[in-house]
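In what follows, a structure is listed as structure tokens, so that the remarks can point back to it.
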Amino acid sequence: MSWMFKRDPVWKYLQTVQYGAHGNVSRLSYPTFFPRFEFQDIIPPDDFLTSDEELDSVLFGTLRGHVVGLRYYTGVVNNNEMVALQREPDNPYDKNAIKVNNVNGNQVGHVKKDLAAVLAYIMDNKLAQVEGVVPFGANNAFTMPLHMAFWGREENRKVVLDQLKKHGFKLIPPPKTLGFSLESNWGSGRAGPSYSMPVHAAVQMTTEQLKTEFDKLFEDLKEDDKTHEMEPAEAIETLLLPHQKQALAWMVSRENSEDLPPFWEQRNDLYYNTITNFSEKDRPENVHGGILADDMGLGKTLTAIAVILTNFHDGTPLPVERIKKNQLKKECNVNNDSVKLEGNTSEKADGLIKEGSRCSKESSISDIKEKNKYPMSEFSSSRPKRRKTADKYIESSDSEEFETTELPQKTKGKLKNAKSETKSRGKGLSAVEESKKTDLGEKPRTTLIICPLSVLSNWIDQFGQHIKSEVHLNFYVYYGPDRIRDPALLSKQDIVLTTYNILTHDYGTKGDSPLHSIRWLRVILDEGHAIRNPNAQQTKAVLDLEAERRWVLTGTPIQNSLKDLWSLLSFLKLKPFLDREWWLRTIQRPVTLGDEGGLRRLQSLIKNITLRRTKTSKVKGKPVLELPERKVFIQHITLSDEERKIYQSVKNEGRATIGRYFNEGTVLAHYADVLGLLLRLRQICCHTHLLTSAVSSSGPTGNDTPEELRKTLIRKMKLILSSGSDEECAVCLDSLTVPVITHCAHVFCKPCICQVIQNEQPNAKCPLCRNNIDGNNLLECPPEELASNTEKNTNMEWTSSSKINALMHALIDLRTKNPNIKSLVVSQFTTFLSLIETPLKASGFVFTRLDGSMAQKKRVESIQCFQNTAAGSPTIMLLSLKAGGVGLNLSAASRVFLMDPAWNPAAEDQCFDRCHRLGQKQEVIITKFIVKDSVEENMLKIQNTKRELAAGAFGTKKPNANDMKQAKINEIKTLIDL
DNA sequence: ACCGCCGGGTGCC
DNA sequence: ACCGCCGGGTGCC
């Protein structure tokens with residue numbers, strides 16, 4: 001190994017945390033100040049992730065020391081290169097030992113032991129984060145100087161200084177200007193060039209400036225490499241819009257690019273990282289991928305499909321022409337195989353081929369739906385019929401035969417096996433291609449797409465829609481209990497589609513994850529923000545995938561926090577950010593502290609690897625998308641006297657209680673009760689019958705007996721589940737499946753939390769609050785109780801409500817004016833939707849329904865039924881606010897009736913966008929029903945505050961626990977007019 | 001000389 | 001390490 005003598009003093013940051021090469025991951029966990037359920041309703045969960053402990057750090061000062069024992073280790077460093085200090089408590093010679101590693105994680109040496117003695121104490125007790133830079137790293141045989149900066153919370157400053165003093169060390173105080181951007185003017189020795197102080201002192205930008213700067217990050221469409229357009233492969237049937245062609249060109253160029261990754265340059269025969277001053281002989285791989293962060297509805301799925309087919313192999317598209325030419329021949333092959341299959345296998349295989357040769361789009365879709373309708377095997381019993389067939393199929397076919405899902409095609413679709421497909425394509429290829437194929441045994445050829453379950457069917461549909469019918473792709477939907485777990489066969493596919501849950505589940509079952517034993521050509525994460533929680537098993541499962549090209553598609557990018565961006569970067573495997581320390585030192589902290597250099601780096605990073613267009617972005621002066629207008633109307637509702645009476649009595653009673661909490665200063669401790677009251681009020685605004693299903697708030701509980709505790713926890717869980725918030729599991733970040741509550745009152749999916757407990761045993765901790773948890777202490781929601789609640793309602797004699805009257809009036813009016821217009825009727829309360837069914841039926845409306853409780857198969861049916869524009873198709877969809885994912889397309893509707901306001905305006909907007917999206921031809925009119933003089937009006941106020949907050953939320957220091965507490969208390973006051 | 005000084009051996013934690 | 005430190009050899013000027 002060798003190293004450089006010269007380097008630019010570009011960014012000499014002396015800031016870090018003492019994470020080791022792979023970090024102290026538990027510090028990434030959510031802050032623990034409050035139980036999660038207290039906030040989830042009003043402050044979006046993202047905020048939990050952003051008030052980071054590191055951001056509270058201040059610079060205590062710097063210190064000089066020495067790295068010793070260089071000759072025993074291979075790690076080398078340049079002058080002025082950043083190094084990581086890592087505790088090594090198990091060192092047999094000194095329990096205080098501290099390793100010094102270079103950016104690559106190779107050990108350079110140790111901190112000299114007298115200094116290590118005090119540093120170990122500071123690091124072990126997390127009194128400060130110690131970060132190192134080696135001013136003269138090059139050409140040292142035995143020792144080298146080390147500069148350290150100590151960062152920590154203000155309250156720890158004194159103890160750190162005292163400790164150091166006790167051992168005879170004294171920190172050099174930080175320059176008064178600002179701590180974060182420390183110019184290292186410690187040069188002038190013999191080992192390297194000297195550095196002058198920077199001409200300009202570090203500048204701290206104002207919040208305003210920061211925000212403006214951040215906005216600029218994405219406004220760089222004018223760059224050449226992003227305005228270039230590219231025609232998709234011939235195999236793509238759909239015409240791409242200009243912005244999609246731009247994305248295609250950019251993505252293909254990124255995949256094929258041989259450029260160095262951002263912040264790397266070649267210097268002589270070495271590759272040099274300009275941020276950390278690290279250099280090495282091996283050329284760092286560029287990310288053959290990136291982040292496509294276009295707004296929802298700009299066609300990310302189509303763009304991704306175009307990339308797959310256009311940059312199919314070695315930078316060339318899927319050869320459509322040959323396939324066309326050989327169409328006849330191919331049919332022959334298929335038939336041959338069919339004969340062969342018939343000989344040794346079941347009627348199923350026979351059916352596959354027969355069906356394949358002349359099946360309609362419908363039958364093809366239905367077959368895919370067949371495959372996709374089961375949830376993960378763990379969560380539901382498999383369907384015996386199907387399983388039997390598949391088993392038989394696998395058994396009878398030695399090993400080669402493989403069930404491949406053909407895409408739904410407009411004209412025809414096929415189901416056949418991979419073997420026949422490989423053969424037929426082989427014959428269609430040129431000699432060159434053919435020869436490649438033989439040694440292609442090792443060469444990855446398969447694209448893996450991972451998406452949330454909610455958009456799985458969307459991907460299948462879109463492949464069907466956008467690819468010409470004569471094109472044949474080996475496409476396998478790796479989903480359902482019968483999924484074939486054979487890496488050899490999966491790696492012969494062109495495309496494998498699966499969900500995060502399947503991936504995570506397979507990953508959890510050790511040694512049995514075919515997806516992890518394959519080197520993929522390309523991995524595409526749809527809705528990539530799903531991996532924002534670095535602790536989640538799901539994230540680990542994703543990060544462990546091997547791939548040459550990596551893409552993240554996300555409609556809700558980086559907006560939330562820099563942390564999210566780091567998750568994505570670690571998936572993209574962009575050096576040196578795989579290790580969070582370098583990310584924190586060089587970008588996250590500088591940016592959050594308002595440092596210009598940090599922002600510059602962030603900018604060039606984002607410019608390099610992401611493409612983002614919003615609905616209002618322009619291509620050649622024209623908006624990317626010309627969507628019809630969207631109008632939001634608020635219709636005020638006056639409650640009937642009877643409703644008002646009930647409302648007031650509940651409100652007065654609740655206000656008295658909560659007023660008491662305010663006086664006692666225990667509002668937040670009784671947050672569940674506050675939520676309960678608000679929930680009841682919101683329900684009354686919709687329909688008084690909803691009230692009966694509300695969980696009655698029992699008084700203060702001594703909850704000493706286990707049974708009492710159990711009841712309290714179950715009550716809390718039910719409240720959380722029924723309060724209309726989009727409670728998600730903090731482990732998988734997906735909707736809760738089989739919700740369970742821990743003794744520390746946090747709700748997770750049962751499978752997720754069980755996994756966590758298993759992994760961390762014997763000392764498993766709650767991912768949210770780090771309290772100890774025990775698999776035996778998880779409480780499930782008794783399903784019969786949930787069921788009885790809904791039954792109670794259905795047994796009640798139906799009556800209308802002011803809101804229902806208003807809705808029906810509007811719907812009937814609309815039908816009179818234009819019977820073809822379709823509407824979404826949206827509520828957070830599914831029981832309310834049920835109540836609405838009665839008058840809809842009575843008035844002769846054809847309607848369908850979509851809510852979270854429906855099985856995947858029923859959802860898909862419901863969506864297709866509604867999207868169908870044929871006469872007699874439903875004109876109304878009853879939609880629960882959070883049903884379906886971002887990808888849900890309900891563009892057949894042009895009216896939305898929002899029956900009750902949501903806490904989070906973003907949730908409402910997302911819901912509106914399900915019909916106000918690509919494909920919408922009509923003006924979209926949204927009506928929000930808001931009860932006058934009620935909690936609903938107050939919710940609107942809070943929504944506005946939130947919108948303002950979200951607009952200016954980036955980059956600055958996040959509110960701390962106290963700020964949040966105060967904000968919360970203010971919200972409660974607003975909500976119940978206190 | 002229970003010192004100083006010399007010079008060889010030696011070297012992370 | 002062109003150092004520091006150790007410990008043995010040595011001892012007026």
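Chain identifiers are assigned as A, B, and so on, following the order in which chains appear in the structure tokens; residues are numbered from 1 within each chain, and ligands are numbered from 1 in order of appearance.
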
Could you work out which residues of chain A fall inside 10 Å of chain C? Count only C-alpha atoms (C1' of nucleotides), and format the result as an MDAnalysis selection string. chainID A and resid 141:143

Output the selection as a PDB file, in the first residue's frame - all heavy atoms for each residue.
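The resulting file, part-v8.pdb, is reproduced below:
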```
ATOM      1  N   ALA A 141       6.713   5.571  10.198  1.00  0.00           N
ATOM      2  CA  ALA A 141       6.978   4.145  10.371  1.00  0.00           C
ATOM      3  C   ALA A 141       6.451   3.616  11.693  1.00  0.00           C
ATOM      4  O   ALA A 141       5.994   2.488  11.782  1.00  0.00           O
ATOM      5  CB  ALA A 141       8.470   3.876  10.272  1.00  0.00           C
ATOM      6  N   PHE A 142       6.523   4.432  12.721  1.00  0.00           N
ATOM      7  CA  PHE A 142       6.210   3.893  14.054  1.00  0.00           C
ATOM      8  C   PHE A 142       5.072   4.610  14.751  1.00  0.00           C
ATOM      9  O   PHE A 142       4.210   3.989  15.334  1.00  0.00           O
ATOM     10  CB  PHE A 142       7.473   3.921  14.925  1.00  0.00           C
ATOM     11  CG  PHE A 142       8.631   3.200  14.301  1.00  0.00           C
ATOM     12  CD1 PHE A 142       9.649   3.902  13.649  1.00  0.00           C
ATOM     13  CD2 PHE A 142       8.676   1.820  14.319  1.00  0.00           C
ATOM     14  CE1 PHE A 142      10.707   3.227  13.073  1.00  0.00           C
ATOM     15  CE2 PHE A 142       9.728   1.144  13.726  1.00  0.00           C
ATOM     16  CZ  PHE A 142      10.751   1.846  13.092  1.00  0.00           C
ATOM     17  N   THR A 143       5.101   5.926  14.697  1.00  0.00           N
ATOM     18  CA  THR A 143       4.007   6.681  15.321  1.00  0.00           C
ATOM     19  C   THR A 143       3.633   7.834  14.407  1.00  0.00           C
ATOM     20  O   THR A 143       4.366   8.160  13.476  1.00  0.00           O
ATOM     21  CB  THR A 143       4.425   7.290  16.681  1.00  0.00           C
ATOM     22  OG1 THR A 143       5.411   8.295  16.427  1.00  0.00           O
ATOM     23  CG2 THR A 143       4.949   6.243  17.631  1.00  0.00           C
TER      24      THR A 143
END
```

Could you tell me, as a ChimeraX atom specification, which residues of stretch 498-700 of chain A DSSP assigns to strand (DSSP E) when given the backbone? /A:498-499,519-526,546-553,610-611,618-619,622-623,630-637

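The coordinates place atom CA of A:Leu975 at 16.9 Å from atom CA of A:Asn663.
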
Residue set, stretch 862-942 of chain A restricted to helix (DSSP H, G or I), as JSON, numbers by chain: {"A": [862, 863, 864, 865, 866, 867, 905, 906, 907, 908, 909, 910, 911, 912, 935, 936, 937, 938, 939, 940, 941, 942]}
